[in-house]
Structures are given as C-alpha cells and as structure tokens.
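Have a look at coords-v1.txt below; it lists compact mmCIF, C-alpha atoms.
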```
# COMPACT_ATOMS: atom_id res chain seq x y z
CA MET A 1 159.12 -30.43 -143.90
CA ASN A 2 159.81 -33.09 -146.52
CA TYR A 3 156.99 -35.22 -147.87
CA LEU A 4 156.41 -38.14 -150.20
CA VAL A 5 153.21 -37.48 -152.15
CA LYS A 6 151.13 -39.78 -154.32
CA ILE A 7 147.98 -38.47 -156.03
CA ASN A 8 145.73 -41.50 -156.45
CA ASP A 9 142.48 -40.17 -157.89
CA ILE A 10 140.26 -37.15 -158.53
CA LYS A 11 136.52 -37.59 -158.37
CA THR A 12 134.21 -34.89 -159.73
CA SER A 13 130.71 -34.24 -158.44
CA ASP A 14 128.00 -31.61 -158.74
CA GLU A 15 127.20 -31.63 -155.03
CA LEU A 16 128.83 -32.31 -151.68
CA GLU A 17 127.55 -35.22 -149.66
CA GLY A 18 126.12 -34.02 -146.36
CA ALA A 19 126.10 -30.36 -147.37
CA TRP A 20 122.50 -30.09 -146.15
CA SER A 21 121.00 -31.99 -143.24
CA ASN A 22 117.37 -32.91 -142.69
CA GLU A 23 117.29 -30.23 -139.98
CA ASP A 24 118.46 -27.68 -142.56
CA PHE A 25 115.63 -28.76 -144.86
CA LYS A 26 113.05 -28.39 -142.08
CA VAL A 27 114.23 -24.89 -141.18
CA LEU A 28 114.31 -23.88 -144.84
CA LEU A 29 110.83 -25.25 -145.48
CA ALA A 30 109.59 -22.90 -142.76
CA ARG A 31 111.50 -19.98 -144.29
CA PHE A 32 109.94 -20.80 -147.65
CA GLU A 33 106.52 -20.78 -145.99
CA TYR A 34 105.75 -24.49 -146.27
CA PRO A 35 103.37 -25.14 -143.35
CA ASP A 36 103.59 -28.89 -142.68
CA ALA A 37 107.28 -29.81 -142.69
CA ALA A 38 106.88 -31.72 -139.42
CA GLN A 39 104.51 -34.14 -141.17
CA LEU A 40 106.99 -35.04 -143.92
CA LYS A 41 109.11 -38.16 -143.95
CA PRO A 42 112.90 -37.57 -144.06
CA ALA A 43 113.07 -38.85 -147.66
CA GLU A 44 110.46 -36.26 -148.71
CA LEU A 45 112.06 -33.16 -147.23
CA LYS A 46 114.33 -32.24 -150.12
CA GLU A 47 111.66 -32.84 -152.77
CA PHE A 48 109.13 -30.64 -150.98
CA LEU A 49 111.78 -27.98 -150.34
CA PHE A 50 112.39 -27.78 -154.09
CA LEU A 51 108.65 -27.27 -154.63
CA ALA A 52 108.54 -24.58 -151.97
CA ILE A 53 111.59 -22.83 -153.41
CA THR A 54 110.07 -22.58 -156.88
CA ASP A 55 107.07 -20.69 -155.47
CA PHE A 56 109.49 -17.77 -155.15
CA GLU A 57 111.35 -15.76 -157.77
CA PRO A 58 114.90 -17.12 -158.19
CA ASN A 59 116.58 -14.06 -156.68
CA GLU A 60 114.17 -14.13 -153.73
CA ALA A 61 114.97 -17.79 -153.10
CA ALA A 62 118.69 -17.06 -153.35
CA ALA A 63 118.36 -14.27 -150.78
CA ILE A 64 116.58 -16.58 -148.33
CA LEU A 65 119.30 -19.22 -148.63
CA LEU A 66 122.09 -16.65 -148.39
CA ASP A 67 120.53 -15.20 -145.27
CA TYR A 68 120.27 -18.68 -143.75
CA LYS A 69 123.88 -19.69 -144.44
CA CYS A 70 125.83 -16.44 -144.60
CA SER A 71 124.07 -13.70 -142.61
CA ASP A 72 126.86 -13.80 -140.02
CA ARG A 73 129.36 -12.75 -142.72
CA LEU A 74 127.30 -10.74 -145.22
CA ALA A 75 125.38 -7.51 -144.75
CA GLU A 76 121.82 -7.17 -146.03
CA GLY A 77 122.95 -5.18 -149.07
CA GLN A 78 125.59 -7.78 -149.95
CA ILE A 79 122.99 -10.54 -149.75
CA ASP A 80 120.68 -8.59 -152.05
CA ASN A 81 123.45 -8.01 -154.60
CA LEU A 82 124.60 -11.63 -154.48
CA SER A 83 121.05 -12.95 -154.87
CA HIS A 84 120.89 -11.28 -158.30
CA GLU A 85 124.51 -11.96 -159.22
CA MET A 86 124.13 -15.69 -158.64
CA LEU A 87 121.80 -15.95 -161.61
CA ARG A 88 124.42 -14.50 -163.96
CA THR A 89 127.76 -15.81 -162.77
CA LYS A 90 129.47 -18.55 -160.79
CA THR A 91 129.77 -16.63 -157.55
CA PHE A 92 131.11 -19.77 -155.87
CA GLU A 93 134.20 -19.34 -158.04
CA ASN A 94 134.39 -15.59 -158.55
CA TYR A 95 133.22 -13.86 -155.38
CA SER A 96 135.99 -11.78 -153.82
CA GLU A 97 135.74 -13.49 -150.41
CA ILE A 98 137.25 -16.93 -151.00
CA ASP A 99 136.15 -18.22 -147.61
CA LEU A 100 132.51 -17.94 -148.77
CA HIS A 101 132.97 -20.08 -151.89
CA HIS A 102 132.13 -23.34 -150.10
CA ASP A 103 128.76 -22.11 -148.84
CA LEU A 104 128.02 -20.31 -152.11
CA PHE A 105 128.58 -23.55 -154.00
CA ASN A 106 126.16 -25.48 -151.79
CA ILE A 107 123.53 -22.74 -152.11
CA ASN A 108 124.03 -22.47 -155.87
CA GLN A 109 123.68 -26.20 -156.46
CA LEU A 110 120.51 -26.40 -154.39
CA LEU A 111 119.02 -23.59 -156.49
CA TYR A 112 120.39 -25.05 -159.73
CA LYS A 113 118.53 -28.30 -159.10
CA ALA A 114 115.37 -26.71 -157.73
CA TYR A 115 115.03 -24.46 -160.79
CA ASN A 116 116.21 -27.06 -163.33
CA GLY A 117 119.25 -25.13 -164.50
CA LYS A 118 118.35 -21.45 -164.15
CA PHE A 119 121.48 -20.99 -162.03
CA PRO A 120 124.99 -21.69 -163.38
CA PRO A 121 126.11 -25.31 -162.94
CA GLY A 122 129.03 -26.07 -160.66
CA THR A 123 131.36 -28.96 -159.99
CA VAL A 124 133.74 -29.84 -157.19
CA ASN A 125 136.67 -32.23 -157.05
CA SER A 126 137.70 -34.64 -154.33
CA VAL A 127 141.43 -35.35 -154.54
CA GLU A 128 142.49 -38.62 -152.97
CA LEU A 129 146.18 -38.63 -152.13
CA GLU A 130 148.84 -39.90 -149.77
CA ILE A 131 151.09 -37.42 -147.97
CA LYS A 132 153.81 -39.15 -145.97
CA SER A 133 156.14 -37.04 -143.87
CA GLU A 134 159.83 -37.83 -143.74
CA ASN A 135 159.99 -36.01 -140.39
CA ASP A 136 158.93 -37.51 -137.07
CA ASP A 137 157.55 -34.19 -135.75
CA ALA A 138 155.33 -33.30 -138.71
CA GLY A 139 152.22 -32.83 -136.58
CA GLU A 140 148.61 -32.74 -137.78
CA MET A 141 147.99 -32.29 -141.50
CA THR A 142 146.43 -28.88 -142.18
CA LYS A 143 144.70 -27.54 -145.26
CA GLU A 144 147.64 -25.25 -145.91
CA THR A 145 150.28 -27.97 -145.70
CA ALA A 146 148.22 -30.39 -147.80
CA LEU A 147 147.60 -27.77 -150.49
CA LYS A 148 151.26 -26.80 -150.62
CA ALA A 149 152.26 -30.46 -150.95
CA LEU A 150 149.65 -31.03 -153.66
CA SER A 151 150.77 -28.00 -155.67
CA TYR A 152 154.11 -29.62 -156.54
CA GLY A 153 152.30 -32.25 -158.59
CA LEU A 154 150.37 -29.66 -160.63
CA SER A 155 151.30 -27.88 -163.83
CA GLU A 156 152.90 -24.45 -163.74
CA ASN A 157 149.77 -23.10 -165.45
CA ASN A 158 147.48 -24.30 -162.66
CA LEU A 159 145.75 -21.32 -161.05
CA ILE A 160 147.13 -22.06 -157.58
CA ASN A 161 150.70 -22.07 -158.84
CA ARG A 162 150.20 -19.01 -161.06
CA LEU A 163 148.44 -16.76 -158.57
CA LEU A 164 149.76 -17.96 -155.21
CA SER A 165 153.39 -18.95 -155.79
CA ASN A 166 154.64 -16.70 -152.98
CA GLN A 167 152.23 -18.35 -150.55
CA ILE A 168 153.06 -21.85 -151.79
CA GLU A 169 156.78 -21.22 -151.36
CA GLY A 170 156.41 -19.78 -147.86
CA ARG A 171 157.27 -16.16 -148.69
CA LYS A 172 153.79 -14.94 -147.73
CA ALA A 173 151.09 -16.03 -145.31
CA PHE A 174 148.55 -18.37 -146.89
CA PRO A 175 145.07 -17.68 -145.41
CA GLU A 176 143.58 -18.44 -148.84
CA ALA A 177 144.23 -22.16 -148.26
CA GLU A 178 141.29 -22.29 -145.84
CA GLY A 179 138.93 -21.12 -148.59
CA ILE A 180 140.46 -23.11 -151.46
CA VAL A 181 140.38 -26.45 -149.63
CA TRP A 182 136.75 -26.78 -148.57
CA GLU A 183 137.26 -29.98 -146.61
CA ILE A 184 140.18 -32.18 -145.62
CA GLY A 185 139.40 -35.74 -144.63
CA HIS A 186 141.89 -38.11 -142.99
CA LYS A 187 141.32 -41.58 -144.42
CA GLY A 188 143.77 -43.38 -142.18
CA ASN A 189 147.57 -43.65 -142.09
CA ASP A 190 148.89 -41.13 -144.65
CA SER A 191 145.76 -41.00 -146.85
CA TYR A 192 143.69 -37.84 -147.25
CA ALA A 193 140.85 -36.48 -149.34
CA LEU A 194 140.82 -32.78 -150.25
CA THR A 195 137.63 -31.14 -151.51
CA ILE A 196 138.53 -28.35 -153.94
CA SER A 197 136.48 -26.32 -156.42
CA GLU A 198 137.12 -27.06 -160.08
CA LYS A 199 138.13 -23.39 -160.39
CA TRP A 200 141.38 -24.25 -158.65
CA LEU A 201 142.01 -27.79 -159.82
CA SER A 202 141.03 -30.10 -162.66
CA LYS A 203 142.26 -33.56 -163.63
CA THR A 204 144.33 -32.14 -166.48
CA ASP A 205 146.35 -30.03 -164.02
CA ILE A 206 148.07 -33.09 -162.60
CA THR A 207 151.43 -33.55 -164.28
CA THR A 208 153.31 -35.56 -161.64
CA PRO A 209 151.22 -38.05 -159.67
CA GLU A 210 154.07 -39.24 -157.43
CA TYR A 211 156.93 -37.11 -156.12
CA LYS A 212 158.95 -35.75 -153.20
CA CYS A 213 158.57 -32.15 -152.07
CA THR A 214 159.58 -29.73 -149.35
CA VAL A 215 156.83 -27.66 -147.74
CA VAL A 216 158.11 -24.37 -146.37
CA PRO A 217 155.98 -22.78 -143.64
CA PHE A 218 155.56 -19.01 -143.57
CA GLU A 219 157.34 -17.31 -140.71
CA ASP A 220 156.21 -13.78 -139.88
CA PRO A 221 159.39 -11.72 -139.35
CA GLU A 222 157.54 -9.45 -136.89
CA GLU A 223 156.52 -12.41 -134.74
CA ALA A 224 159.98 -13.96 -135.03
CA GLY A 225 161.63 -10.67 -134.01
```
Write out the structure in this file as structure tokens.
Amino acid sequence: MNYLVKINDIKTSDELEGAWSNEDFKVLLARFEYPDAAQLKPAELKEFLFLAITDFEPNEAAAILLDYKCSDRLAEGQIDNLSHEMLRTKTFENYSEIDLHHDLFNINQLLYKAYNGKFPPGTVNSVELEIKSENDDAGEMTKETALKALSYGLSENNLINRLLSNQIEGRKAFPEAEGIVWEIGHKGNDSYALTISEKWLSKTDITTPEYKCTVVPFEDPEEAG
C-alpha cells in the first residue's frame, strides 16, 4: 500500500490521560487497606490513594499494583521479581515482554508520583500525523501499518529502524507493533495520534516530516502455500 504521510507534532508527557479510572482508584484503595474509599469524593481518590500507597514499602506497593494490572500475564514469582526491579530500572522500557510495557509505564508513574521520585521517571510521546492512502481498498488503519508508515520519516539510527528493519520491510511478522504503539487514535479523516514510549521514538528521530512511502505487509509463506 502507498501512503502520503505528514508528521505534524510530537507531544511528550509523564502520564497517560485516562490510564486510571475512579473505579481503579476505589479498588486499589481497598487493596492498600484504606477503609473508607466509598466516602471520598471523586477528586479526592487519587490523593488518598497516594497516601495509602506510601504506608507500604515501595516494592510491596509495586507488587500490589502489578498483581492488579498484570496477574493474568505474570506469575507470582515474576511479580515479586518485577516489584524489586522497578525500583532500579525502567522496566517499562526494558522488560523482555514488550506487550507489558504500557501497563508497566502506568504502574511506574503512579508509584513515581506517590513516592516523590523513588521510582525511575518515565515519559511517553503522542505523535500526531496524517496517513493518507493512495489506494481505495486500504481498510482500517492498524498499529502495524501506522508504525511502518511512520518509520520512513525517522532516522536510520532510530531504534525501530535499527532493530526491526525486517519487520518494517515486511520480511518478518511484526507482533512487536502491538506493544510499541500503546494506543492509536483516529482523529478524523486521515489524522491519527500514536502513543509510543520515548524508548522507541523522540523528537530528534524525525528527519523527514512529510513524505511518500510504501508499506509492505508480511505474508506467511506457509499460509500462502
């Protein structure tokens, strides 16, 4: 598929809007043994959760949050190891399972703010861009297609292009795209917003803000045969 791409802006933030709901806060207050969450006003929930969190040791608090968000994908031993590792390193960038990075970032930033910086700081980028197909049958924009289209505007030294060139060029399957692009938002017409960790993309990586590119899908020879 051929696309016209225009990268309009990159906005950096230290948290994702809507990452935690008021219902999340209420459940977590109970897990952190705060007895009267039902009596709190919505605007008070996060503040009191921070207070409840800091009654625990940092690794204990991390384990509670990891269990809440990731127990369906992590075993008890993995949660225990991660709860200690999070204090030393940016697990939301370095953990081997890329599809966990999104949740690990949200957990890390909640702990970072609750403990006033005891956890490593993190940032995330929202890339605002236009991706216009030159084909009538392009279909719905996926994370994989958007990331491949975006990569052509990035420097050769960008981590995506250096580590995943075979996936970008369609020679290998690209499941990593689901973990690299945390969110894809359709802003109307051909406008999109991609949420991507700063590990994979920074403002300085953009070398060509407007260009044409060809996105090559991966075709499994076993399925084709």
Atom pair atom CA of Asp36 of chain A / atom CA of Asp55 of chain A: separation (Å): 15.6 Å
Selection near segment 61-64 of chain A, 7 Å with all atoms listed in the file, sequence-local residues under 4 positions removed, as a ChimeraX atom specification: /A:53,56-57,68,79-80,83
For segment 35-138 of chain A versus segment 181-193 of chain A, which residues have an atom no more than 12 Å away, and what is each residue's nearest atom pair and distance in Å rounded to one decimal, using only C-alpha atoms, chain-then-number order, as JSON lines?
```
{"residue": "A:Phe92", "atom": "CA", "partner": "A:Trp182", "partner_atom": "CA", "distance": 11.6}
{"residue": "A:Ile98", "atom": "CA", "partner": "A:Val181", "partner_atom": "CA", "distance": 10.1}
{"residue": "A:Asp99", "atom": "CA", "partner": "A:Trp182", "partner_atom": "CA", "distance": 8.6}
{"residue": "A:Leu100", "atom": "CA", "partner": "A:Trp182", "partner_atom": "CA", "distance": 9.8}
{"residue": "A:His101", "atom": "CA", "partner": "A:Trp182", "partner_atom": "CA", "distance": 8.4}
{"residue": "A:His102", "atom": "CA", "partner": "A:Trp182", "partner_atom": "CA", "distance": 6.0}
{"residue": "A:Asp103", "atom": "CA", "partner": "A:Trp182", "partner_atom": "CA", "distance": 9.3}
{"residue": "A:Leu104", "atom": "CA", "partner": "A:Trp182", "partner_atom": "CA", "distance": 11.4}
{"residue": "A:Phe105", "atom": "CA", "partner": "A:Trp182", "partner_atom": "CA", "distance": 10.3}
{"residue": "A:Asn106", "atom": "CA", "partner": "A:Trp182", "partner_atom": "CA", "distance": 11.1}
{"residue": "A:Val124", "atom": "CA", "partner": "A:Trp182", "partner_atom": "CA", "distance": 9.6}
{"residue": "A:Asn125", "atom": "CA", "partner": "A:Ala193", "partner_atom": "CA", "distance": 9.7}
{"residue": "A:Ser126", "atom": "CA", "partner": "A:Ala193", "partner_atom": "CA", "distance": 6.2}
{"residue": "A:Val127", "atom": "CA", "partner": "A:Ala193", "partner_atom": "CA", "distance": 5.4}
{"residue": "A:Glu128", "atom": "CA", "partner": "A:Ala193", "partner_atom": "CA", "distance": 4.5}
{"residue": "A:Leu129", "atom": "CA", "partner": "A:Tyr192", "partner_atom": "CA", "distance": 5.5}
{"residue": "A:Glu130", "atom": "CA", "partner": "A:Ser191", "partner_atom": "CA", "distance": 4.4}
{"residue": "A:Ile131", "atom": "CA", "partner": "A:Asp190", "partner_atom": "CA", "distance": 5.4}
{"residue": "A:Lys132", "atom": "CA", "partner": "A:Asp190", "partner_atom": "CA", "distance": 5.5}
{"residue": "A:Ser133", "atom": "CA", "partner": "A:Asp190", "partner_atom": "CA", "distance": 8.4}
{"residue": "A:Glu134", "atom": "CA", "partner": "A:Asp190", "partner_atom": "CA", "distance": 11.5}
{"residue": "A:Ala138", "atom": "CA", "partner": "A:Asp190", "partner_atom": "CA", "distance": 11.8}
```
Closest of A:Thr195, A:Pro58, A:Glu140, A:Ser96 to Gly117 of chain A - atom-to-atom distances counting all atoms listed in the file: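 When distances to Gly117 of chain A are compared using all atoms listed in the file, the smallest one comes from A:Pro58.
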Point-to-point distance from atom CA of Thr123 of chain A to atom CA of Thr204 of chain A, Å rounded to tenths: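 Pair atom CA of Thr123 of chain A / atom CA of Thr204 of chain A returns 14.8 Å.
The gap separating atom CA of Ile107 of chain A from atom CA of Gly122 of chain A is 10.7 Å, in Å to one decimal.
When only C-alpha atoms are used to compute distances to Leu65 of chain A, the closest of the residues A:Gln109, A:Thr145, A:Asn8, A:Ser155 turns out to be A:Gln109.
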Best match for closeness to Met1 of chain A among A:Met141, A:Leu16, A:Ala52, A:Leu74, counting only C-alpha atoms: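 Residue with the minimum atom-to-atom distance to Met1 of chain A: A:Met141.
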A:Lys118, A:Thr54, A:Lys113, A:Ile10 ranked by distance to Glu33 of chain A, top pick (using only C-alpha atoms):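 Residue with the minimum atom-to-atom distance to Glu33 of chain A: A:Thr54.
If you measure from each of A:Ala38, A:Met86, A:Ala75, A:Leu45 to Glu60 of chain A using all atoms listed in the file, the closest one turns out to be A:Met86.
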Counting only C-alpha atoms, the residue of A:Ala146, A:Ile7, A:Ala114, A:Leu164 that sits nearest Leu51 of chain A: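 Result for the nearest residue to Leu51 of chain A: A:Ala114.
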Test item: which residues lie within 9 Å of (153.1, -28.0, -153.7) counting all atoms listed in the file, as a list of chain:residue names: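 Neighbouring residues, ordered by chain and number, come to A:Thr145, A:Ala146, A:Leu147, A:Lys148, A:Ala149, A:Leu150, A:Ser151, A:Tyr152, A:Gly153, A:Leu154, A:Asn161, A:Ile168, A:Glu169, A:Cys213, A:Thr214, A:Val215.
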